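Undergrad: A single structure is presented below for examination.
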Amino acid sequence: MRRRGVTVLLGALLTALLSVGVLSVPLPYVVLGPGPTVNTLGSEDGKEVIQVTGRATSTSAGQLRLTTVGVQPTVRLRSALAGWFSADEAVVPRELVYPPGESQEEVEQRNTEDFQNSQTSAETAALRELGYPIKVRVKAVTPGGPSVGVLRPDDVVTSVDGVPVTSAAKLTELIRSRPAGTALTIGYTRGDTPGTATVTSSEQDGRPRIGVEIDQQQPHPFTLKIDLGDIGGPSAGLMFSLGIIDKLEPADLTGGRIIAGTGTIDDEGRVGPIGGIAQKLVGAKDAGAKAFLVPADNCAEAVRNPQPDLPLLKVATLGEALTALETLRAGGQPTRC
């Protein structure tokens with residue numbers, strides 16, 4: 001009996017030690033959960049999130065809240081099990097967040113850069129909506145390139161084959177939409193004089209080019225600054241654009257409500273999809289949101305993960321987001337997912 005008791009005791013001890021070992025070993029997963037939300041019309045750490053100098057701003061009775069996803073980078077069995085059984089969290093393979101070959105620090109640095117780029121695009125898209133067009137200026141003409149003797153530094157490129165050039169990205173898109181060797185009709189303004197010229201594109205680095213360096217400008221008589229740290233990624237773009245417009249226009253976009261949302265935005269005002277929509281909906285609901293702006297490409301996933309009494313408003317562009325909010329203020333029914 002004594003020998004049998006020792007055996008049972010040793011077995012129990014070994015099982016306990018194995019259990020502790022299993023529970024303490026990091027797993028190749030991360031847990032995604034609702035992150036903080038931020039009112040782009042308000043202040044963080046005593047500073048306005050959107051700062052305007054040189055022009056009067058308006059105040060809003062409601063809020064425009066960007067939403068985020070919290071990432072638990074080191075996951076052990078206990079937290080993985082909790083995440084799998086949680087309605088608000090998701091356990092996903094680690095490589096979906098931290099690709100192989102990239103350190104956590106490198107991913108976070110890229111997210112910081114994406115966040116900064118999203119602020120720039122948000123400003124550009126908002127200013128376009130407010131009537132400040134982009135000017136795509138020729139900085140330099142490449143020696144020996146297709147534009148030599150045709151375009152000059154400081155020319156403003158206005159169209160390609162009659163299609164307006166609304167941003168630097170749009171100019172690149174129009175040139176690359178035709179094969180190298182295509183004769184393109186380039187519209188431009190030189191000083192105050194409009195003109196057109198024919199430039200035949202040539203292949204460089206495997207892509208059609210017209211041999212100019214360009215600079216995107218958007219003159220406006222005031223300064224804008226977005227001041228918000230500790231958030232990464234590009235998905236706040238839409239809510240930043242809406243916040244800028246709300247501050248610079250007398251109309252209150254919120255109608256006194258808390259409006260949450262997410263979505264990337266480019267210089268043309270197109271709203272792109274994001275990750276973690278299910279967790280962002282939870283964060284929005286917890287923040288008291290009365291409506292959620294969803295990128296069109298995320299609608300199917302959002303519908304599968306609804307929150308009670310949180311309407312999902314479908315948007316594909318900044319203009320559609322503004323229309324949705326205007327319809328909501330007027331008591332109508334915006335387009336839903």
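The chains in the structure tokens are called A, B, ... from first to last as shown; in each chain the residues are counted from 1, and the ligands are counted from 1 in the order shown.
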Once you count only C-alpha atoms, what closest atom pair and distance in Å to one decimal does each residue of segment 20-119 of chain A within 9 Å of segment 256-276 of chain A have, with rows by chain and rising residue number, as JSON lines?
TA:
```
{"residue": "A:Leu32", "atom": "CA", "partner": "A:Gly276", "partner_atom": "CA", "distance": 7.5}
{"residue": "A:Gly33", "atom": "CA", "partner": "A:Gly276", "partner_atom": "CA", "distance": 8.3}
{"residue": "A:Pro34", "atom": "CA", "partner": "A:Gly276", "partner_atom": "CA", "distance": 8.5}
{"residue": "A:Thr37", "atom": "CA", "partner": "A:Ala260", "partner_atom": "CA", "distance": 8.3}
{"residue": "A:Asn39", "atom": "CA", "partner": "A:Ala260", "partner_atom": "CA", "distance": 8.6}
{"residue": "A:Ser60", "atom": "CA", "partner": "A:Gly256", "partner_atom": "CA", "distance": 7.0}
{"residue": "A:Ala61", "atom": "CA", "partner": "A:Gly256", "partner_atom": "CA", "distance": 4.5}
{"residue": "A:Gly62", "atom": "CA", "partner": "A:Gly256", "partner_atom": "CA", "distance": 3.9}
{"residue": "A:Gln63", "atom": "CA", "partner": "A:Ile258", "partner_atom": "CA", "distance": 4.6}
{"residue": "A:Leu64", "atom": "CA", "partner": "A:Ile259", "partner_atom": "CA", "distance": 5.0}
{"residue": "A:Arg65", "atom": "CA", "partner": "A:Ala260", "partner_atom": "CA", "distance": 4.5}
{"residue": "A:Leu66", "atom": "CA", "partner": "A:Gly261", "partner_atom": "CA", "distance": 5.7}
{"residue": "A:Thr67", "atom": "CA", "partner": "A:Thr262", "partner_atom": "CA", "distance": 6.2}
{"residue": "A:Thr68", "atom": "CA", "partner": "A:Gly276", "partner_atom": "CA", "distance": 8.1}
{"residue": "A:Val69", "atom": "CA", "partner": "A:Gly276", "partner_atom": "CA", "distance": 6.2}
{"residue": "A:Ala90", "atom": "CA", "partner": "A:Gly276", "partner_atom": "CA", "distance": 8.7}
{"residue": "A:Ser118", "atom": "CA", "partner": "A:Ile265", "partner_atom": "CA", "distance": 6.9}
```
Undergrad: Could you give me, as a tab-separated table, a per-residue list for segment 176-293 of chain A showing, wherever an atom lies at most 8 Å from an atom of segment 122-137 of chain A, the closest pair of atoms and their distance in Å to one decimal, using only C-alpha atoms and sorting by chain then residue number from low to high?
TA:
```
residue	atom	partner	partner_atom	distance
A:Ile214	CA	A:Arg137	CA	5.5
A:Asp215	CA	A:Arg137	CA	5.1
A:Gln216	CA	A:Val136	CA	4.7
A:Gln217	CA	A:Lys135	CA	5.1
A:Gln218	CA	A:Ile134	CA	4.6
A:Pro219	CA	A:Tyr132	CA	6.9
A:His220	CA	A:Tyr132	CA	6.6
A:Leu224	CA	A:Glu123	CA	7.7
A:Gly237	CA	A:Ala122	CA	5.1
A:Leu238	CA	A:Ala122	CA	6.6
A:Phe240	CA	A:Ala122	CA	5.8
A:Ser241	CA	A:Ala122	CA	4.7
A:Leu242	CA	A:Ala126	CA	7.1
A:Ile244	CA	A:Ala126	CA	6.5
A:Ile245	CA	A:Ala126	CA	6.1
A:Ile265	CA	A:Ala122	CA	6.4
A:Asp266	CA	A:Ala125	CA	6.9
A:Asp267	CA	A:Ala125	CA	5.1
A:Glu268	CA	A:Ala125	CA	6.0
A:Gly269	CA	A:Ala125	CA	5.0
```
Undergrad: Write a file of the just-selected residues containing N, CA and C atoms, as a short mmCIF file (atom, residue, chain, number, x, y, z; two decimals), in the first residue's frame.
TA:
```
data_model
loop_
_atom_site.label_atom_id
_atom_site.label_comp_id
_atom_site.auth_asym_id
_atom_site.auth_seq_id
_atom_site.Cartn_x
_atom_site.Cartn_y
_atom_site.Cartn_z
N ILE A 214 6.90 64.08 -60.05
CA ILE A 214 5.73 64.90 -59.75
C ILE A 214 5.63 65.19 -58.26
N ASP A 215 4.88 66.24 -57.97
CA ASP A 215 4.67 66.68 -56.60
C ASP A 215 3.20 66.99 -56.43
N GLN A 216 2.58 66.43 -55.42
CA GLN A 216 1.15 66.68 -55.17
C GLN A 216 0.99 67.83 -54.19
N GLN A 217 0.23 68.83 -54.57
CA GLN A 217 -0.01 69.99 -53.72
C GLN A 217 -1.50 70.21 -53.57
N GLN A 218 -1.88 70.81 -52.45
CA GLN A 218 -3.30 71.08 -52.18
C GLN A 218 -3.40 72.38 -51.37
N PRO A 219 -3.24 73.51 -52.03
CA PRO A 219 -3.21 74.78 -51.30
C PRO A 219 -4.50 75.04 -50.52
N HIS A 220 -4.35 75.48 -49.26
CA HIS A 220 -5.49 75.87 -48.44
C HIS A 220 -4.99 76.86 -47.38
N LEU A 224 -3.64 72.10 -40.76
CA LEU A 224 -4.30 70.97 -40.11
C LEU A 224 -3.24 70.10 -39.46
N GLY A 237 -8.64 56.19 -41.16
CA GLY A 237 -8.71 57.22 -42.19
C GLY A 237 -10.08 57.85 -42.37
N LEU A 238 -11.11 57.01 -42.49
CA LEU A 238 -12.47 57.53 -42.72
C LEU A 238 -12.91 58.44 -41.59
N PHE A 240 -11.13 60.09 -39.42
CA PHE A 240 -10.37 61.33 -39.41
C PHE A 240 -10.93 62.31 -40.45
N SER A 241 -11.22 61.82 -41.65
CA SER A 241 -11.76 62.69 -42.69
C SER A 241 -13.08 63.32 -42.25
N LEU A 242 -13.95 62.51 -41.66
CA LEU A 242 -15.23 63.03 -41.20
C LEU A 242 -15.03 64.05 -40.08
N ILE A 244 -12.44 66.05 -39.63
CA ILE A 244 -11.95 67.29 -40.23
C ILE A 244 -13.10 68.08 -40.83
N ILE A 245 -13.95 67.41 -41.59
CA ILE A 245 -15.07 68.10 -42.23
C ILE A 245 -16.03 68.66 -41.19
N ILE A 265 -8.86 55.13 -46.06
CA ILE A 265 -9.30 56.08 -47.08
C ILE A 265 -8.09 56.46 -47.92
N ASP A 266 -8.32 56.67 -49.21
CA ASP A 266 -7.23 57.12 -50.07
C ASP A 266 -7.46 58.57 -50.48
N ASP A 267 -6.53 59.11 -51.27
CA ASP A 267 -6.61 60.52 -51.65
C ASP A 267 -7.87 60.83 -52.45
N GLU A 268 -8.43 59.81 -53.11
CA GLU A 268 -9.64 60.00 -53.91
C GLU A 268 -10.91 59.90 -53.07
N GLY A 269 -10.76 59.59 -51.77
CA GLY A 269 -11.93 59.47 -50.91
C GLY A 269 -12.58 58.11 -50.94
#
```
Undergrad: Hey, which of A:Ala324, A:Cys337, A:Thr57, A:Ile186 ends up closest to Arg304 of chain A? Count only C-alpha atoms.
TA: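 Of A:Ala324, A:Cys337, A:Thr57, A:Ile186, the one nearest Arg304 of chain A, counting only C-alpha atoms, is A:Cys337.
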Undergrad: Rounded to one decimal, what separation in Å do you get between atom CA of Met239 of chain A and atom CA of Ser43 of chain A?
TA: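 For atom CA of Met239 of chain A relative to atom CA of Ser43 of chain A, the distance reads 14.5 Å.
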Undergrad: DSSP on the backbone: what in segment 36-119 of chain A comes out strand (DSSP E), as a list in words?
TA: Val38, Asn39, Ser43, Glu44, Lys47, Glu48, Ile50, Gln51, Val52, Thr53, Gln63, Leu64, Arg65, Leu66, Val69, Gly70, Val71, Gln72, Ala90, Val91, Val92 and Pro93 of chain A
Undergrad: Could you jot down the atom CA of Val38 of chain A to atom CA of Glu102 of chain A separation for me, Å, one decimal place?
TA: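 Value for the atom CA of Val38 of chain A-atom CA of Glu102 of chain A distance: 28.7 Å.
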Undergrad: Please identify the alpha helix (DSSP H) residues within segment 98-297 of chain A (assignment by DSSP from backbone atoms) and present them as number ranges by chain.
TA: A: 104-129, 168-176, 237-248, 277-286
Undergrad: Find the residues around Thr200 of chain A up to 8 Å (only C-alpha atoms counted), leave out those fewer than 3 positions away in its own chain, and share them as a list in words.
TA: Pro146, Ala180, Gly181, Thr182, Ala183, Leu184 and Ile210 of chain A
Undergrad: Save the residues we just selected, C-alpha atoms, as a PDB file, in the first residue's frame?
TA:
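result_39.pdb, written as the output of this step:
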```
ATOM      1  CA  PRO A 146       9.496  60.950 -73.209  1.00  0.00           C
ATOM      2  CA  ALA A 180       4.220  51.321 -72.893  1.00  0.00           C
ATOM      3  CA  GLY A 181       4.581  52.954 -76.308  1.00  0.00           C
ATOM      4  CA  THR A 182       1.098  54.508 -76.215  1.00  0.00           C
ATOM      5  CA  ALA A 183       0.764  58.114 -77.361  1.00  0.00           C
ATOM      6  CA  LEU A 184      -1.013  59.911 -74.505  1.00  0.00           C
ATOM      7  CA  ILE A 210       6.248  59.448 -69.129  1.00  0.00           C
TER       8      ILE A 210
END
```
Undergrad: By how many Å are atom CA of Ala169 of chain A and atom CA of Pro99 of chain A apart?
TA: 27.5 Å
Undergrad: Tell me which protein, DNA and RNA residues are within 8 Å of Ser147 of chain A, counting only C-alpha atoms, leaving out same-chain ones fewer than 4 positions away, and put them as a PDB file with all heavy atoms, in the first residue's frame.
TA:
```
ATOM      1  N   VAL A 141      11.792  67.030 -65.176  1.00  0.00           N
ATOM      2  CA  VAL A 141      11.640  66.197 -66.373  1.00  0.00           C
ATOM      3  C   VAL A 141      12.897  65.330 -66.493  1.00  0.00           C
ATOM      4  O   VAL A 141      14.027  65.832 -66.453  1.00  0.00           O
ATOM      5  CB  VAL A 141      11.454  67.053 -67.635  1.00  0.00           C
ATOM      6  CG1 VAL A 141      11.369  66.167 -68.873  1.00  0.00           C
ATOM      7  CG2 VAL A 141      10.203  67.922 -67.513  1.00  0.00           C
ATOM      8  N   THR A 142      12.713  64.034 -66.627  1.00  0.00           N
ATOM      9  CA  THR A 142      13.832  63.098 -66.683  1.00  0.00           C
ATOM     10  C   THR A 142      14.626  63.289 -67.976  1.00  0.00           C
ATOM     11  O   THR A 142      14.047  63.226 -69.074  1.00  0.00           O
ATOM     12  CB  THR A 142      13.321  61.646 -66.610  1.00  0.00           C
ATOM     13  OG1 THR A 142      12.517  61.490 -65.439  1.00  0.00           O
ATOM     14  CG2 THR A 142      14.477  60.665 -66.576  1.00  0.00           C
ATOM     15  N   LEU A 151       6.923  68.733 -71.660  1.00  0.00           N
ATOM     16  CA  LEU A 151       6.497  69.256 -70.364  1.00  0.00           C
ATOM     17  C   LEU A 151       7.671  69.945 -69.683  1.00  0.00           C
ATOM     18  O   LEU A 151       8.835  69.654 -69.977  1.00  0.00           O
ATOM     19  CB  LEU A 151       5.960  68.124 -69.481  1.00  0.00           C
ATOM     20  CG  LEU A 151       4.701  67.415 -69.983  1.00  0.00           C
ATOM     21  CD1 LEU A 151       4.353  66.244 -69.071  1.00  0.00           C
ATOM     22  CD2 LEU A 151       3.529  68.386 -70.086  1.00  0.00           C
ATOM     23  N   VAL A 199       2.547  62.808 -75.415  1.00  0.00           N
ATOM     24  CA  VAL A 199       3.728  62.171 -74.841  1.00  0.00           C
ATOM     25  C   VAL A 199       3.577  60.662 -75.028  1.00  0.00           C
ATOM     26  O   VAL A 199       2.561  60.082 -74.618  1.00  0.00           O
ATOM     27  CB  VAL A 199       3.888  62.499 -73.346  1.00  0.00           C
ATOM     28  CG1 VAL A 199       5.099  61.770 -72.769  1.00  0.00           C
ATOM     29  CG2 VAL A 199       4.028  64.001 -73.135  1.00  0.00           C
ATOM     30  N   ILE A 210       6.107  58.333 -68.187  1.00  0.00           N
ATOM     31  CA  ILE A 210       6.248  59.448 -69.129  1.00  0.00           C
ATOM     32  C   ILE A 210       7.466  60.305 -68.798  1.00  0.00           C
ATOM     33  O   ILE A 210       7.681  61.349 -69.426  1.00  0.00           O
ATOM     34  CB  ILE A 210       4.980  60.313 -69.188  1.00  0.00           C
ATOM     35  CG1 ILE A 210       4.680  60.956 -67.828  1.00  0.00           C
ATOM     36  CG2 ILE A 210       3.794  59.507 -69.702  1.00  0.00           C
ATOM     37  CD1 ILE A 210       3.573  62.025 -67.894  1.00  0.00           C
ATOM     38  N   GLY A 211       8.275  59.893 -67.833  1.00  0.00           N
ATOM     39  CA  GLY A 211       9.548  60.560 -67.590  1.00  0.00           C
ATOM     40  C   GLY A 211       9.451  61.892 -66.876  1.00  0.00           C
ATOM     41  O   GLY A 211      10.136  62.848 -67.265  1.00  0.00           O
ATOM     42  N   VAL A 212       8.625  61.958 -65.836  1.00  0.00           N
ATOM     43  CA  VAL A 212       8.569  63.177 -65.011  1.00  0.00           C
ATOM     44  C   VAL A 212       8.547  62.791 -63.540  1.00  0.00           C
ATOM     45  O   VAL A 212       8.040  61.730 -63.172  1.00  0.00           O
ATOM     46  CB  VAL A 212       7.320  64.045 -65.325  1.00  0.00           C
ATOM     47  CG1 VAL A 212       7.383  64.613 -66.726  1.00  0.00           C
ATOM     48  CG2 VAL A 212       6.033  63.255 -65.120  1.00  0.00           C
TER      49      VAL A 212
END
```
